[in-house]
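A.B. asks: Structure supplied as upload01.cif; contents: mmCIF, C-alpha atoms and all ligand atoms.
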```cif
data_protein
loop_
_atom_site.label_atom_id
_atom_site.label_comp_id
_atom_site.auth_asym_id
_atom_site.auth_seq_id
_atom_site.Cartn_x
_atom_site.Cartn_y
_atom_site.Cartn_z
CA MET A 1 2.71 -15.31 -7.67
CA GLY A 2 4.95 -12.26 -8.07
CA ARG A 3 6.35 -9.62 -5.85
CA LEU A 4 3.84 -7.78 -3.64
CA ALA A 5 3.78 -4.01 -3.34
CA VAL A 6 1.68 -1.73 -1.19
CA ILE A 7 0.85 1.81 -2.24
CA GLY A 8 0.19 3.71 0.97
CA GLY A 9 -2.38 6.50 1.05
CA SER A 10 -3.40 9.01 3.70
CA GLY A 11 -2.27 7.79 7.09
CA PHE A 12 0.28 5.50 5.47
CA ALA A 13 3.12 7.79 4.46
CA ALA A 14 5.23 5.23 6.28
CA MET A 15 4.25 1.74 7.20
CA GLY A 16 4.64 0.77 10.82
CA GLY A 17 5.93 -2.75 11.31
CA LEU A 18 7.83 -2.74 8.02
CA ALA A 19 11.50 -3.58 8.64
CA GLU A 20 13.44 -1.83 5.91
CA LEU A 21 15.85 -3.96 3.89
CA GLY A 22 16.66 -1.32 1.26
CA ARG A 23 15.25 1.47 -0.84
CA GLU A 24 15.32 2.49 -4.48
CA LEU A 25 14.34 5.63 -6.37
CA PRO A 26 14.07 4.46 -9.97
CA ASP A 27 13.80 7.11 -12.65
CA THR A 28 11.03 6.52 -15.14
CA PRO A 29 10.06 8.06 -18.49
CA TYR A 30 7.56 10.13 -16.45
CA GLY A 31 9.98 11.30 -13.78
CA PRO A 32 10.56 9.96 -10.29
CA PRO A 33 7.83 8.24 -8.24
CA SER A 34 6.24 9.96 -5.21
CA GLY A 35 9.15 8.81 -3.06
CA PRO A 36 11.69 6.06 -2.67
CA ILE A 37 10.32 2.55 -2.91
CA ILE A 38 11.05 0.76 0.34
CA HIS A 39 11.88 -2.90 0.18
CA GLY A 40 10.96 -4.33 3.55
CA ARG A 41 9.97 -7.29 5.62
CA LEU A 42 6.47 -7.44 7.02
CA GLY A 43 6.11 -10.37 9.41
CA ASP A 44 7.12 -13.48 7.48
CA GLY A 45 6.88 -11.88 4.05
CA GLU A 46 8.50 -9.20 1.97
CA VAL A 47 6.82 -6.21 0.39
CA LEU A 48 7.68 -3.13 -1.59
CA PHE A 49 6.14 0.02 -0.18
CA LEU A 50 5.51 3.35 -1.88
CA PRO A 51 3.74 6.26 -0.17
CA ARG A 52 1.47 7.69 -2.86
CA HIS A 53 1.48 11.21 -1.43
CA GLY A 54 5.23 11.21 -0.76
CA ALA A 55 7.10 10.48 2.45
CA ALA A 56 6.04 13.87 3.88
CA HIS A 57 2.43 13.49 2.66
CA SER A 58 2.90 16.59 0.51
CA ILE A 59 1.57 15.55 -2.94
CA PRO A 60 -2.19 16.15 -3.35
CA PRO A 61 -4.27 13.55 -5.25
CA HIS A 62 -4.44 15.52 -8.54
CA ARG A 63 -0.66 16.10 -8.58
CA ILE A 64 0.41 12.52 -7.98
CA ASP A 65 2.34 11.17 -10.93
CA TYR A 66 0.43 7.90 -11.12
CA ARG A 67 2.33 6.83 -14.25
CA ALA A 68 5.70 7.32 -12.57
CA ASN A 69 4.52 5.37 -9.52
CA ILE A 70 3.20 2.37 -11.46
CA SER A 71 6.16 2.38 -13.78
CA ALA A 72 8.67 2.57 -10.88
CA LEU A 73 6.96 -0.24 -8.97
CA LYS A 74 7.07 -2.40 -12.09
CA ALA A 75 10.75 -1.57 -12.56
CA CYS A 76 11.35 -2.79 -8.98
CA GLY A 77 9.76 -6.12 -9.85
CA ALA A 78 6.31 -5.60 -8.37
CA GLN A 79 3.61 -7.73 -9.95
CA ARG A 80 0.84 -7.50 -7.37
CA LEU A 81 -0.17 -4.06 -6.09
CA VAL A 82 -2.45 -3.28 -3.18
CA GLY A 83 -3.60 0.33 -3.19
CA LEU A 84 -4.59 1.53 0.27
CA ALA A 85 -7.30 4.18 0.19
CA ALA A 86 -8.77 6.35 2.94
CA VAL A 87 -12.33 7.01 1.78
CA GLY A 88 -15.64 8.49 2.78
CA GLY A 89 -18.54 6.10 3.31
CA ILE A 90 -21.78 6.51 1.36
CA GLY A 91 -23.64 3.20 1.64
CA ALA A 92 -25.07 2.08 4.99
CA ARG A 93 -22.61 -0.84 5.19
CA PHE A 94 -19.64 1.52 4.86
CA GLY A 95 -19.52 3.50 8.07
CA PRO A 96 -16.35 4.95 9.61
CA GLY A 97 -13.89 2.27 10.67
CA VAL A 98 -15.03 -0.25 8.03
CA LEU A 99 -12.46 -1.95 5.78
CA ALA A 100 -13.57 -2.89 2.27
CA VAL A 101 -12.20 -4.56 -0.83
CA PRO A 102 -14.20 -2.80 -3.55
CA ASP A 103 -15.01 -4.53 -6.82
CA GLN A 104 -16.04 -1.61 -9.03
CA ILE A 105 -14.98 1.93 -9.84
CA ILE A 106 -16.64 5.03 -11.24
CA ASP A 107 -14.09 7.60 -12.30
CA TYR A 108 -15.03 11.26 -11.85
CA THR A 109 -11.48 12.62 -12.10
CA TYR A 110 -10.24 14.89 -14.86
CA GLY A 111 -6.99 16.35 -16.07
CA ARG A 112 -4.87 13.43 -14.90
CA ALA A 113 -2.54 11.50 -17.20
CA GLN A 114 -4.72 8.43 -17.69
CA THR A 115 -2.71 6.17 -19.95
CA PHE A 116 0.78 5.00 -20.82
CA PHE A 117 -0.29 4.89 -24.46
CA ASP A 118 -0.29 8.54 -25.48
CA GLY A 119 3.29 9.31 -26.39
CA GLU A 120 4.41 10.54 -29.78
CA GLY A 121 3.88 7.65 -32.18
CA SER A 122 2.44 5.42 -29.45
CA GLU A 123 -0.11 2.80 -30.44
CA VAL A 124 -3.72 3.28 -29.35
CA VAL A 125 -4.62 0.74 -26.68
CA HIS A 126 -8.03 0.12 -25.10
CA ILE A 127 -7.63 -2.17 -22.11
CA ASP A 128 -10.59 -4.21 -20.94
CA PHE A 129 -11.71 -2.71 -17.62
CA THR A 130 -15.05 -4.49 -17.12
CA GLU A 131 -13.70 -5.78 -13.82
CA PRO A 132 -11.27 -3.05 -12.77
CA TYR A 133 -9.60 -5.01 -9.99
CA CYS A 134 -7.56 -8.20 -10.20
CA ALA A 135 -9.82 -11.07 -9.12
CA ASP A 136 -6.91 -13.14 -7.76
CA LEU A 137 -5.53 -10.36 -5.60
CA ARG A 138 -9.01 -9.47 -4.34
CA ALA A 139 -9.46 -13.10 -3.34
CA ASP A 140 -6.05 -13.10 -1.65
CA LEU A 141 -6.96 -9.95 0.29
CA LEU A 142 -10.23 -11.47 1.45
CA ALA A 143 -8.49 -14.71 2.45
CA ALA A 144 -5.77 -12.77 4.28
CA ALA A 145 -8.42 -10.78 6.13
CA ALA A 146 -10.14 -14.00 7.19
CA ALA A 147 -6.80 -15.52 8.28
CA ALA A 148 -5.99 -12.41 10.30
CA GLY A 149 -9.47 -12.26 11.84
CA VAL A 150 -10.07 -8.84 10.30
CA ALA A 151 -13.60 -8.03 9.14
CA VAL A 152 -13.80 -6.60 5.62
CA VAL A 153 -16.69 -5.87 3.29
CA ASP A 154 -16.34 -7.87 0.09
CA GLY A 155 -17.25 -5.54 -2.78
CA GLY A 156 -18.51 -2.02 -3.24
CA THR A 157 -18.21 0.69 -5.85
CA TYR A 158 -15.45 3.23 -5.33
CA GLY A 159 -16.31 6.65 -6.79
CA VAL A 160 -13.10 8.52 -7.48
CA ALA A 161 -13.51 12.27 -7.03
CA GLN A 162 -11.05 14.90 -8.16
CA GLY A 163 -10.48 16.61 -4.82
CA PRO A 164 -8.54 17.86 -3.06
CA ARG A 165 -11.64 19.37 -1.47
CA LEU A 166 -14.27 17.07 -0.05
CA GLU A 167 -17.63 16.83 -1.84
CA THR A 168 -20.80 18.83 -1.42
CA ALA A 169 -23.82 17.00 -0.02
CA ALA A 170 -25.45 17.20 -3.48
CA GLU A 171 -22.40 15.65 -5.10
CA VAL A 172 -22.57 12.77 -2.64
CA ARG A 173 -26.29 12.33 -3.38
CA ARG A 174 -25.36 12.08 -7.05
CA LEU A 175 -22.62 9.54 -6.31
CA GLU A 176 -25.16 7.52 -4.35
CA ARG A 177 -27.66 7.61 -7.24
CA ASP A 178 -24.84 6.46 -9.51
CA GLY A 179 -24.29 3.46 -7.25
CA CYS A 180 -21.15 4.50 -5.41
CA ASP A 181 -20.62 3.07 -1.92
CA LEU A 182 -17.34 4.80 -1.21
CA VAL A 183 -15.72 8.04 -2.30
CA GLY A 184 -12.01 8.75 -2.42
CA MET A 185 -9.60 10.71 -4.59
CA THR A 186 -6.78 8.42 -5.67
CA GLY A 187 -8.26 5.19 -7.04
CA MET A 188 -7.91 6.43 -10.61
CA PRO A 189 -6.01 6.45 -12.84
CA GLU A 190 -3.91 4.19 -10.59
CA ALA A 191 -6.04 1.08 -11.20
CA ALA A 192 -6.23 1.58 -14.96
CA LEU A 193 -2.50 2.23 -15.31
CA ALA A 194 -1.74 -0.94 -13.35
CA ARG A 195 -3.96 -2.87 -15.79
CA GLU A 196 -2.20 -1.24 -18.75
CA ALA A 197 1.15 -2.22 -17.23
CA GLY A 198 0.00 -5.83 -16.89
CA LEU A 199 0.08 -5.73 -13.08
CA CYS A 200 -2.43 -7.30 -10.73
CA TYR A 201 -4.03 -4.49 -8.71
CA ALA A 202 -6.62 -4.42 -5.93
CA CYS A 203 -7.75 -1.83 -3.42
CA CYS A 204 -8.01 -2.03 0.33
CA ALA A 205 -10.25 0.87 1.30
CA PHE A 206 -10.81 2.06 4.83
CA VAL A 207 -13.61 4.42 5.73
CA VAL A 208 -12.49 7.46 7.68
CA ASN A 209 -15.67 9.57 7.64
CA TRP A 210 -19.26 9.55 6.49
CA ALA A 211 -19.29 11.26 3.10
CA ALA A 212 -20.65 14.82 2.98
CA GLY A 213 -24.28 15.06 4.02
CA LYS A 214 -24.43 11.49 5.33
CA ALA A 215 -24.00 12.63 8.93
CA GLU A 216 -24.81 15.81 10.80
CA GLY A 217 -22.39 18.71 10.55
CA GLU A 218 -19.03 19.25 8.95
CA ILE A 219 -16.43 16.61 8.22
CA LEU A 220 -13.59 17.26 10.63
CA MET A 221 -9.93 16.38 10.07
CA THR A 222 -9.78 15.29 13.70
CA GLU A 223 -12.47 12.69 12.94
CA ILE A 224 -10.59 11.51 9.85
CA GLU A 225 -7.34 11.22 11.78
CA ALA A 226 -8.99 9.29 14.61
CA ASN A 227 -10.49 6.81 12.14
CA ILE A 228 -7.17 6.38 10.32
CA ALA A 229 -5.63 5.52 13.69
CA ALA A 230 -8.52 3.16 14.46
CA CYS A 231 -8.03 1.27 11.17
CA SER A 232 -4.26 1.11 10.95
CA ASP A 233 -3.63 -1.95 13.17
CA ARG A 234 -6.23 -3.99 11.26
CA ILE A 235 -4.77 -2.93 7.91
CA ARG A 236 -1.30 -3.90 9.07
CA ALA A 237 -2.56 -7.30 10.28
CA LEU A 238 -4.31 -7.90 6.95
CA LEU A 239 -1.25 -6.93 4.90
CA THR A 240 1.02 -9.03 7.11
CA ALA A 241 -1.21 -12.04 6.44
CA LEU A 242 -1.22 -11.25 2.73
CA ALA A 243 2.58 -10.93 2.61
CA ALA A 244 2.92 -14.32 4.28
CA VAL A 245 1.16 -16.00 1.33
CA ARG A 246 3.85 -17.52 -0.86
CA ALA A 247 3.97 -18.20 -4.55
N1 LIG A 301 -14.41 12.20 0.03
C1 LIG A 301 -13.36 12.02 -0.81
N2 LIG A 301 -12.22 11.51 -0.43
C2 LIG A 301 -12.08 11.13 0.85
C3 LIG A 301 -13.13 11.29 1.77
C4 LIG A 301 -14.35 11.84 1.34
O1 LIG A 301 -15.32 12.01 2.10
N3 LIG A 301 -12.65 10.83 2.96
C5 LIG A 301 -11.38 10.40 2.74
N4 LIG A 301 -11.03 10.59 1.46
#
```
Write the structure described by the file as structure tokens, please.
C.D. replies:
Amino acid sequence: MGRLAVIGGSGFAAMGGLAELGRELPDTPYGPPSGPIIHGRLGDGEVLFLPRHGAAHSIPPHRIDYRANISALKACGAQRLVGLAAVGGIGARFGPGVLAVPDQIIDYTYGRAQTFFDGEGSEVVHIDFTEPYCADLRADLLAAAAAAGVAVVDGGTYGVAQGPRLETAAEVRRLERDGCDLVGMTGMPEAALAREAGLCYACCAFVVNWAAGKAEGEILMTEIEANIAACSDRIRALLTALAAVRA
């Protein structure tokens, strides 16, 4: 089944409950990843863990070297990647505190290195991305959630915004018209690069606020932080169940 890795997002610069067995900082053709890759034990299983924004949560979404991260995880033997994503909720089923395993993506980002295939003399490669997430890993995540007794929404379209600012209310209305259920900032090009690298990638999103204009008033960081805290035990339980699944 292949080695499991977790890419931690906001609220997951470190992963509580992960007993560290070692760490590696592989160099890649793109430079170093966001931080050292922790090899650890989570319950009965082992996982690799990489904080996407760095160990000090200091790398904003548009400055993350997604190619270095995917390449470094692959170099460490990862074959299955779960990207954790703190997101805003758009659709009625995706209120704060909800966990979701999205099944589609709309990419609104720009200016990010989107492909491994653009070096001098590199071949031109067009990956199939009809289904952007790995069906097997999505199924494993849903089964792990059921085993852990954690409620998750199966499916949803993740709109990936450039950030780092949050959206305007009009932008969220447009995302909604486009069919987005969730909005975050880091889902791309991570998912596409994983596909290019031949890795199985799925997303575990957790809703930390109603997207702009979907609730009264401003979006407050205190609200986001409280919802991260409210989700973290369930995410840990889900990942622990996932890690326990053996090849
Ligand atoms: N928009 C974009 N990214 C986010 C949000 C949001 O409302 N909440 C958490 N990440």
A.B. asks: Using the file's own x, y and z axes, what box holds all listed atoms of ligand LIG 301 (chain A) with 4 Å on each side, keeping edges along x, y and z, and what are its centre and edge lengths in Å to one decimal, as lines of an AutoDock Vina configuration file?
C.D. replies:
```
center_x = -13.2
center_y = 11.3
center_z = 1.1
size_x = 12.3
size_y = 9.8
size_z = 11.8
```
A.B. asks: Choose the residue, out of A:Arg236, A:Arg173, A:Arg165, A:Arg3, that has the smallest atom-to-atom separation from ligand LIG 301 (chain A); count only C-alpha atoms and all ligand atoms.
C.D. replies: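 Between A:Arg236, A:Arg173, A:Arg165, A:Arg3, the residue approaching ligand LIG 301 (chain A) most closely is A:Arg165.
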A.B. asks: Using only C-alpha atoms and all ligand atoms, what table do you get, as a tab-separated table, when you list each residue of chain A with an atom no more than 10 Å from ligand LIG 301 (chain A), its nearest pair of atoms, and their distance in Å rounded to one decimal, rows by chain then rising number?
C.D. replies:
```
residue	atom	partner	partner_atom	distance
A:Gly9	CA	A:LIG301	N4	9.6
A:Ser10	CA	A:LIG301	N4	8.1
A:Pro61	CA	A:LIG301	N2	9.5
A:Ala85	CA	A:LIG301	N4	7.5
A:Ala86	CA	A:LIG301	C5	4.8
A:Val87	CA	A:LIG301	C5	3.6
A:Gly88	CA	A:LIG301	O1	3.6
A:Gly89	CA	A:LIG301	O1	6.8
A:Ile90	CA	A:LIG301	O1	8.5
A:Pro96	CA	A:LIG301	N3	9.6
A:Gly159	CA	A:LIG301	C1	8.6
A:Val160	CA	A:LIG301	C1	7.5
A:Ala161	CA	A:LIG301	C1	6.2
A:Gln162	CA	A:LIG301	C1	8.2
A:Gly163	CA	A:LIG301	C1	6.7
A:Pro164	CA	A:LIG301	N2	7.8
A:Arg165	CA	A:LIG301	C1	7.6
A:Leu166	CA	A:LIG301	N1	4.9
A:Glu167	CA	A:LIG301	N1	5.9
A:Thr168	CA	A:LIG301	N1	9.3
A:Val172	CA	A:LIG301	N1	8.6
A:Leu182	CA	A:LIG301	N1	8.1
A:Val183	CA	A:LIG301	C1	4.9
A:Gly184	CA	A:LIG301	N2	3.4
A:Met185	CA	A:LIG301	N2	5.0
A:Thr186	CA	A:LIG301	N2	8.2
A:Gly187	CA	A:LIG301	N2	10.0
A:Ala205	CA	A:LIG301	C5	9.7
A:Phe206	CA	A:LIG301	C5	8.6
A:Val207	CA	A:LIG301	C5	7.0
A:Val208	CA	A:LIG301	N3	5.8
A:Asn209	CA	A:LIG301	N3	5.7
A:Trp210	CA	A:LIG301	O1	6.4
A:Ala211	CA	A:LIG301	O1	4.2
A:Ala212	CA	A:LIG301	O1	6.1
A:Gly213	CA	A:LIG301	O1	9.7
A:Lys214	CA	A:LIG301	O1	9.7
A:Ile219	CA	A:LIG301	O1	7.7
A:Met221	CA	A:LIG301	N3	9.4
A:Ile224	CA	A:LIG301	N3	7.2
A:Glu225	CA	A:LIG301	C5	9.9
A:Ile228	CA	A:LIG301	C5	9.6
```
A.B. asks: Using Å and a single decimal, report how far CA of Glu190 (chain A) sits from CA of Ile235 (chain A).
C.D. replies: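 CA of Glu190 (chain A) lies 19.8 Å from CA of Ile235 (chain A).
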A.B. asks: Can you pull out every residue within 10 Å of Arg112 (chain A), counting all atoms listed in the file, but drop anything in the same chain fewer than 4 positions away, and send it as a PDB file with C-alpha atoms, keeping the file's coordinate frame?
C.D. replies:
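Full text of out_20.pdb as output:
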```
ATOM      1  CA  PRO A  61      -4.270  13.550  -5.250  1.00  0.00           C
ATOM      2  CA  HIS A  62      -4.440  15.520  -8.540  1.00  0.00           C
ATOM      3  CA  ARG A  63      -0.660  16.100  -8.580  1.00  0.00           C
ATOM      4  CA  ILE A  64       0.410  12.520  -7.980  1.00  0.00           C
ATOM      5  CA  ASP A  65       2.340  11.170 -10.930  1.00  0.00           C
ATOM      6  CA  TYR A  66       0.430   7.900 -11.120  1.00  0.00           C
ATOM      7  CA  ARG A  67       2.330   6.830 -14.250  1.00  0.00           C
ATOM      8  CA  GLN A 162     -11.050  14.900  -8.160  1.00  0.00           C
ATOM      9  CA  MET A 188      -7.910   6.430 -10.610  1.00  0.00           C
ATOM     10  CA  PRO A 189      -6.010   6.450 -12.840  1.00  0.00           C
TER      11      PRO A 189
END
```
A.B. asks: Using only C-alpha atoms, pick whichever of A:Leu73, A:Ala100, A:Ala113, A:Leu21 has the shortest atom-to-atom distance to Gly155 (chain A).
C.D. replies: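 So, comparing all the options, the nearest one is A:Ala100.
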A.B. asks: Select, from A:Gly95, A:Pro32, A:Gly217, A:Gly149, the residue with the minimum atom-to-atom distance to Ala241 (chain A), counting only C-alpha atoms.
C.D. replies: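 Result for the nearest residue to Ala241 (chain A): A:Gly149.
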A.B. asks: For Asp181 (chain A), find every residue with an atom within 6 Å (counting all atoms listed in the file), except residues of its own chain fewer than 2 positions away, and show them as a JSON list (two decimals) with C-alpha atoms, in the coordinates of the input.
C.D. replies:
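File selection_0.json, as written:
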```json
[["chain", "number", "residue", "atom", "x", "y", "z"],
["A", 90, "ILE", "CA", -21.78, 6.51, 1.36],
["A", 91, "GLY", "CA", -23.64, 3.20, 1.64],
["A", 156, "GLY", "CA", -18.51, -2.02, -3.24],
["A", 157, "THR", "CA", -18.21, 0.69, -5.85]]
```
A.B. asks: I'd like the contact shell of Phe117 (chain A) - 12 Å cut-off, all atoms listed in the file, skipping same-chain residues fewer than 2 positions apart - returned as a list in words.
C.D. replies: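 In the requested form, the answer reads Arg67, Ala113, Gln114, Thr115, Gly119, Glu120, Gly121, Ser122, Glu123, Val124, Val125, His126, Ile127, Ala192, Leu193, Glu196 and Ala197 of chain A.
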A.B. asks: Got a sec to write region 32-49 of chain A of the block to a file, N, CA, C and O atoms, as a PDB file, in the first residue's frame?
C.D. replies:
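The resulting file, part06.pdb, is shown below:
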```pdb
ATOM      1  N   PRO A  32      15.125  23.000  -0.447  1.00  0.00           N
ATOM      2  CA  PRO A  32      14.642  22.182   0.676  1.00  0.00           C
ATOM      3  C   PRO A  32      13.120  22.266   0.810  1.00  0.00           C
ATOM      4  O   PRO A  32      12.506  23.231   0.356  1.00  0.00           O
ATOM      5  N   PRO A  33      12.495  21.260   1.430  1.00  0.00           N
ATOM      6  CA  PRO A  33      11.062  21.349   1.707  1.00  0.00           C
ATOM      7  C   PRO A  33      10.779  22.385   2.803  1.00  0.00           C
ATOM      8  O   PRO A  33      11.710  22.979   3.345  1.00  0.00           O
ATOM      9  N   SER A  34       9.512  22.565   3.142  1.00  0.00           N
ATOM     10  CA  SER A  34       9.121  23.590   4.126  1.00  0.00           C
ATOM     11  C   SER A  34       9.765  23.375   5.490  1.00  0.00           C
ATOM     12  O   SER A  34       9.848  24.313   6.287  1.00  0.00           O
ATOM     13  N   GLY A  35      10.166  22.167   5.769  1.00  0.00           N
ATOM     14  CA  GLY A  35      10.801  21.857   7.054  1.00  0.00           C
ATOM     15  C   GLY A  35      11.246  20.417   7.016  1.00  0.00           C
ATOM     16  O   GLY A  35      11.023  19.716   6.027  1.00  0.00           O
ATOM     17  N   PRO A  36      11.857  19.976   8.110  1.00  0.00           N
ATOM     18  CA  PRO A  36      12.273  18.572   8.152  1.00  0.00           C
ATOM     19  C   PRO A  36      11.057  17.651   8.082  1.00  0.00           C
ATOM     20  O   PRO A  36       9.985  18.003   8.572  1.00  0.00           O
ATOM     21  N   ILE A  37      11.242  16.528   7.464  1.00  0.00           N
ATOM     22  CA  ILE A  37      10.174  15.531   7.397  1.00  0.00           C
ATOM     23  C   ILE A  37      10.337  14.611   8.609  1.00  0.00           C
ATOM     24  O   ILE A  37      11.389  14.001   8.810  1.00  0.00           O
ATOM     25  N   ILE A  38       9.304  14.601   9.431  1.00  0.00           N
ATOM     26  CA  ILE A  38       9.358  13.804  10.667  1.00  0.00           C
ATOM     27  C   ILE A  38       8.853  12.400  10.360  1.00  0.00           C
ATOM     28  O   ILE A  38       7.787  12.225   9.765  1.00  0.00           O
ATOM     29  N   HIS A  39       9.630  11.450  10.762  1.00  0.00           N
ATOM     30  CA  HIS A  39       9.197  10.059  10.678  1.00  0.00           C
ATOM     31  C   HIS A  39       8.719   9.687  12.077  1.00  0.00           C
ATOM     32  O   HIS A  39       9.478   9.795  13.044  1.00  0.00           O
ATOM     33  N   GLY A  40       7.452   9.327  12.191  1.00  0.00           N
ATOM     34  CA  GLY A  40       6.935   9.107  13.542  1.00  0.00           C
ATOM     35  C   GLY A  40       5.929   7.984  13.627  1.00  0.00           C
ATOM     36  O   GLY A  40       5.470   7.436  12.615  1.00  0.00           O
ATOM     37  N   ARG A  41       5.601   7.669  14.841  1.00  0.00           N
ATOM     38  CA  ARG A  41       4.602   6.632  15.119  1.00  0.00           C
ATOM     39  C   ARG A  41       3.329   7.319  15.579  1.00  0.00           C
ATOM     40  O   ARG A  41       3.366   8.199  16.451  1.00  0.00           O
ATOM     41  N   LEU A  42       2.234   6.919  14.978  1.00  0.00           N
ATOM     42  CA  LEU A  42       0.933   7.472  15.332  1.00  0.00           C
ATOM     43  C   LEU A  42       0.050   6.287  15.696  1.00  0.00           C
ATOM     44  O   LEU A  42      -0.371   5.533  14.815  1.00  0.00           O
ATOM     45  N   GLY A  43      -0.168   6.077  16.981  1.00  0.00           N
ATOM     46  CA  GLY A  43      -0.911   4.887  17.409  1.00  0.00           C
ATOM     47  C   GLY A  43      -0.147   3.649  16.983  1.00  0.00           C
ATOM     48  O   GLY A  43       1.049   3.507  17.265  1.00  0.00           O
ATOM     49  N   ASP A  44      -0.840   2.766  16.239  1.00  0.00           N
ATOM     50  CA  ASP A  44      -0.209   1.510  15.813  1.00  0.00           C
ATOM     51  C   ASP A  44       0.507   1.623  14.480  1.00  0.00           C
ATOM     52  O   ASP A  44       1.052   0.638  13.990  1.00  0.00           O
ATOM     53  N   GLY A  45       0.475   2.785  13.866  1.00  0.00           N
ATOM     54  CA  GLY A  45       1.064   2.913  12.529  1.00  0.00           C
ATOM     55  C   GLY A  45       2.189   3.919  12.491  1.00  0.00           C
ATOM     56  O   GLY A  45       2.495   4.579  13.480  1.00  0.00           O
ATOM     57  N   GLU A  46       2.815   3.994  11.315  1.00  0.00           N
ATOM     58  CA  GLU A  46       3.895   4.961  11.132  1.00  0.00           C
ATOM     59  C   GLU A  46       3.509   5.936  10.039  1.00  0.00           C
ATOM     60  O   GLU A  46       2.882   5.550   9.053  1.00  0.00           O
ATOM     61  N   VAL A  47       3.892   7.180  10.221  1.00  0.00           N
ATOM     62  CA  VAL A  47       3.640   8.180   9.187  1.00  0.00           C
ATOM     63  C   VAL A  47       4.845   9.104   9.053  1.00  0.00           C
ATOM     64  O   VAL A  47       5.643   9.253   9.978  1.00  0.00           O
ATOM     65  N   LEU A  48       4.934   9.688   7.880  1.00  0.00           N
ATOM     66  CA  LEU A  48       5.854  10.810   7.668  1.00  0.00           C
ATOM     67  C   LEU A  48       5.019  12.072   7.816  1.00  0.00           C
ATOM     68  O   LEU A  48       3.861  12.098   7.399  1.00  0.00           O
ATOM     69  N   PHE A  49       5.604  13.097   8.388  1.00  0.00           N
ATOM     70  CA  PHE A  49       4.844  14.335   8.599  1.00  0.00           C
ATOM     71  C   PHE A  49       5.660  15.535   8.146  1.00  0.00           C
ATOM     72  O   PHE A  49       6.828  15.683   8.499  1.00  0.00           O
TER      73      PHE A  49
END
```
